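Single-structure report; data block below.
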Amino acid sequence: MSKLALVTGGAGFIGSHLCERLVSDGYTVISLDNYFTGSKDNHVDGVEYREGHTKDIAGHVSETPDILFHLGEYSRVLTSFDDVEKVWDLNVRGTASVLNFCKDKKVRLIYAGSSTKFGEFDDANDGENQSPYAYFKTTNTQLVNNYGKWFGLEYAITYFYNVYGPRERAGAYGTVIEIFRQKMLNKEALQVFGTGEQRRAFTHVKDTVDGLVLVGEKGSGDGHCISAKKEYSILKIAKAFGGDIEMKDALPGDRNRSKCNFEKMKALGWKASRDVLEYIKNSHG
Ligand SMILES: NC(=O)c1ccc[n+]([C@@H]2O[C@H](COP(=O)([O-])OP(=O)(O)OC[C@H]3O[C@@H](n4cnc5c(N)ncnc54)[C@H](O)[C@@H]3O)[C@@H](O)[C@H]2O)c1
């Protein structure tokens, strides 16, 4: 019998690629998604989609999965300043139920943490305190670790670094590569905030999912940073697209860069194999 994987946020950007990969690896896959940012356009063949908030996970999933990939959370820095209660509800409230579900059913949990936790700023290195999003994501990593300690939960925590690729979104809850790509298509200027010298380790979604699946199989504990090695400044990325650039004031919560400890993923035999400049070159002709 095939193994059962439960993916929260399976109708989102990264979750949809994870679902696709797990199906092709022979898993039976259930997605639980409340369609806050997820879309039915992201559905892939072979997955059973259930609609609901993670706080109600026990009511939506009577099965006992072999593994649970928890990606279903609010996932943007800038908008989180206007949405504090929403971020708390989707992330902290939801994750508390996901953790109890895993504890009660003895399910192995893989958590999707954020590299914003490791953000470096001009005057501080406490990334976790620089936006509501980073704060709640960091709180959840602490809670996952504590479930390991308090209840013997089997878990691994991953950290994603500026994921890009097919099915990425633009718009309010969008991310920079797709926002720039759409601006180019609409012949609009690319807006660069602050100095533009802030650097990101853009990591392709397929590399991210390769790392995530590997952690699912072999990872343990905290600290799996799924990051490309090379960092690029936002200005360099904008220039690589080749359009007009409009410089704007700095945004709150916008880190200079995020630190990364590559050791755990290296030990698992993972490294990113794609480069964002190649993607940009191929994405608009
Ligand atoms: N994209 C990145 O660069 C990045 C970087 C670091 C961490 N992450 C984390 O990876 C995960 C996936 O990110 P993404 O870029 O695919 O975002 P996304 O917004 O495309 O996906 C999140 C999905 O979760 C769903 N969702 C949100 N809250 C939910 C809840 N409480 N119950 C059920 N479903 C819920 C949304 O509808 C959406 O389908 C998130 O946890 C995010 O914090 C992403």
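Within each chain, counting starts at residue 1; across the structure tokens, chains are named A, B, ... in the order shown, with ligands numbered 1 upward in that order.
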- Task: Let me have all residues with an atom within 6 Å of ligand 1, counting only C-alpha atoms and all ligand atoms, laid out as a PyMOL selection string.
- Result: chain A and resi 8-15+32-38+52-54+71-75+90-91+94+112-115+160-163
Using only C-alpha atoms, please write the residues we just selected to a file, as a tab-separated table (two decimals), in the first residue's frame.
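Wrote result-v7.tsv, looks like this:
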chain	number	residue	atom	x	y	z
A	8	THR	CA	-1.40	21.73	4.21
A	9	GLY	CA	-1.41	24.59	1.72
A	10	GLY	CA	-1.39	22.14	-1.20
A	11	ALA	CA	-3.22	24.63	-3.45
A	12	GLY	CA	-0.55	27.29	-2.93
A	13	PHE	CA	2.61	28.01	-4.87
A	14	ILE	CA	5.15	25.69	-3.22
A	15	GLY	CA	2.53	23.24	-1.90
A	32	LEU	CA	-5.90	20.69	3.19
A	33	ASP	CA	-6.19	24.31	2.09
A	34	ASN	CA	-8.53	27.17	2.99
A	35	TYR	CA	-7.89	28.98	-0.35
A	36	PHE	CA	-6.81	32.19	1.38
A	37	THR	CA	-4.13	32.62	-1.27
A	38	GLY	CA	-4.37	29.15	-2.78
A	52	GLY	CA	-10.66	24.02	5.35
A	53	HIS	CA	-8.61	25.93	7.92
A	54	THR	CA	-5.78	24.04	9.64
A	71	LEU	CA	2.98	24.69	4.42
A	72	GLY	CA	-0.52	26.11	4.89
A	73	GLU	CA	0.16	29.47	6.51
A	74	TYR	CA	-0.03	33.19	5.77
A	75	SER	CA	3.17	33.80	3.88
A	90	LEU	CA	-3.81	31.27	10.07
A	91	ASN	CA	-0.35	30.57	11.47
A	94	GLY	CA	-3.80	26.83	12.85
A	112	ALA	CA	7.94	25.07	6.41
A	113	GLY	CA	9.78	27.79	8.30
A	114	SER	CA	10.93	31.11	6.89
A	115	SER	CA	14.43	32.50	6.38
A	160	PHE	CA	12.81	28.44	2.58
A	161	TYR	CA	14.69	31.25	0.84
A	162	ASN	CA	12.86	33.46	-1.68
A	163	VAL	CA	11.31	30.70	-3.70
- Query: Running DSSP on the backbone, which parts of stretch 121-164 of chain A land in alpha helix (DSSP H), as a list in words?
  - Reply: Pro132, Tyr133, Ala134, Tyr135, Phe136, Lys137, Thr138, Thr139, Asn140, Thr141, Gln142, Leu143, Val144, Asn145, Asn146, Tyr147, Gly148, Lys149, Trp150 and Phe151 of chain A
Can you spit out the residues from that selection as a PDB file, in the first residue's frame, using C-alpha atoms?
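File produced: part_28.pdb:
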ATOM      1  CA  PRO A 132       4.514  40.119  12.288  1.00  0.00           C
ATOM      2  CA  TYR A 133       5.091  37.421   9.675  1.00  0.00           C
ATOM      3  CA  ALA A 134       8.685  36.711  10.776  1.00  0.00           C
ATOM      4  CA  TYR A 135       7.627  36.820  14.426  1.00  0.00           C
ATOM      5  CA  PHE A 136       4.808  34.284  14.106  1.00  0.00           C
ATOM      6  CA  LYS A 137       6.787  31.983  11.805  1.00  0.00           C
ATOM      7  CA  THR A 138       9.626  32.011  14.349  1.00  0.00           C
ATOM      8  CA  THR A 139       7.208  31.373  17.225  1.00  0.00           C
ATOM      9  CA  ASN A 140       5.953  28.333  15.346  1.00  0.00           C
ATOM     10  CA  THR A 141       9.460  26.921  14.914  1.00  0.00           C
ATOM     11  CA  GLN A 142       9.896  27.221  18.689  1.00  0.00           C
ATOM     12  CA  LEU A 143       6.584  25.499  19.280  1.00  0.00           C
ATOM     13  CA  VAL A 144       7.446  22.655  16.900  1.00  0.00           C
ATOM     14  CA  ASN A 145      10.780  22.160  18.686  1.00  0.00           C
ATOM     15  CA  ASN A 146       8.966  22.150  22.021  1.00  0.00           C
ATOM     16  CA  TYR A 147       6.461  19.526  20.838  1.00  0.00           C
ATOM     17  CA  GLY A 148       9.506  17.405  20.093  1.00  0.00           C
ATOM     18  CA  LYS A 149      10.810  17.986  23.603  1.00  0.00           C
ATOM     19  CA  TRP A 150       7.523  17.815  25.530  1.00  0.00           C
ATOM     20  CA  PHE A 151       5.780  15.006  23.640  1.00  0.00           C
TER      21      PHE A 151
END
- Within 12 Å of A:Gly242 using only C-alpha atoms, minus same-chain residues under 4 positions, as a ChimeraX atom specification: /A:180-181,183-185,187-190,235-238,277,280-281,284-285
- Shortest interatomic distance to A:Val209 - which of A:Lys105, A:Arg50, A:His43, A:Lys271, counting only C-alpha atoms: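 Of A:Lys105, A:Arg50, A:His43, A:Lys271, the one nearest A:Val209 is A:Lys271, counting only C-alpha atoms.
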- Please identify all polymer residues within 8 Å of A:Ile226, counting only C-alpha atoms, omitting same-chain residues fewer than 6 positions from it, and present them as a list of chain:residue names.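 Result of the neighbour search: A:Thr158, A:Tyr159, A:Phe160, A:Tyr161, A:Thr203, A:Thr208, A:Gly211, A:Leu212, A:Phe262, A:Met265.
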Would you mind exporting the chosen residues as a JSON list (two decimals), in the first residue's frame, restricted to C-alpha atoms?
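As a result, selection.json now contains:
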[["chain", "number", "residue", "atom", "x", "y", "z"],
["A", 158, "THR", "CA", 12.93, 23.51, 7.01],
["A", 159, "TYR", "CA", 13.58, 27.14, 6.06],
["A", 160, "PHE", "CA", 12.81, 28.44, 2.58],
["A", 161, "TYR", "CA", 14.69, 31.25, 0.84],
["A", 203, "THR", "CA", 15.85, 29.34, -4.76],
["A", 208, "THR", "CA", 13.10, 23.69, -2.81],
["A", 211, "GLY", "CA", 15.13, 19.52, -0.50],
["A", 212, "LEU", "CA", 11.79, 19.29, 1.25],
["A", 262, "PHE", "CA", 24.14, 25.00, 4.76],
["A", 265, "MET", "CA", 21.22, 20.09, 3.84]]
- Long-range neighbours of A:Thr116 as a PyMOL selection string, 8 Å cut-off, only C-alpha atoms, 2 positions minimum in chain: chain A and resi 114+118-119+127-128+134+255+258
- Message: Could you list, as a VMD selection string, every residue within 6 Å of A:Val29, counting only C-alpha atoms and ignoring same-chain residues fewer than 3 positions away?
- Response: chain A and resid 4 to 6 47
- Which is closer to A:Ser80 than all the others in A:Tyr173, A:Leu109, A:Glu51, A:Tyr232, using only C-alpha atoms?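 The shortest atom-to-atom distance to A:Ser80 comes from A:Tyr173.
Nearest-residue note for A:Ile30: choosing from A:Gln182, A:Gln191, A:Asn261, A:Ser62, the minimum distance belongs to A:Ser62, counting only C-alpha atoms.
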- Enumerate as a PyMOL selection string all residues of stretch 37-184 of chain A assigned to strand (DSSP E or B) by DSSP on the backbone, naming them with the chain letters and numbers the document uses. chain A and resi 47-51+67-70+108-114+119-120+155-160+163-164
List as CSV every residue of stretch 120-209 of chain A that is in contact with stretch 63-68 of chain A, defined as an atom at most 12 Å from one of its atoms (using only C-alpha atoms), together with the nearest atom pair and the distance in Å rounded to one decimal, sorted by chain and then rising number.
residue,atom,partner,partner_atom,distance
A:Leu153,CA,A:Ile67,CA,11.9
A:Glu154,CA,A:Ile67,CA,9.8
A:Tyr155,CA,A:Leu68,CA,9.4
A:Ala156,CA,A:Leu68,CA,10.5
A:Ile157,CA,A:Leu68,CA,11.9
- Of the candidates A:Met1, A:Ala58, A:Gln130, A:Asp222, which one gets nearest to A:Asp104 if we count only C-alpha atoms? A:Ala58
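Across the structure, atom CA of A:Arg93 and atom CA of A:Ser227 are spaced 27.7 Å apart.
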- Task: Rounded to one decimal place, report the atom CA of A:Cys225-atom CA of A:Lys259 distance in Å.
- Result: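 Separation between atom CA of A:Cys225 and atom CA of A:Lys259: 9.5 Å.
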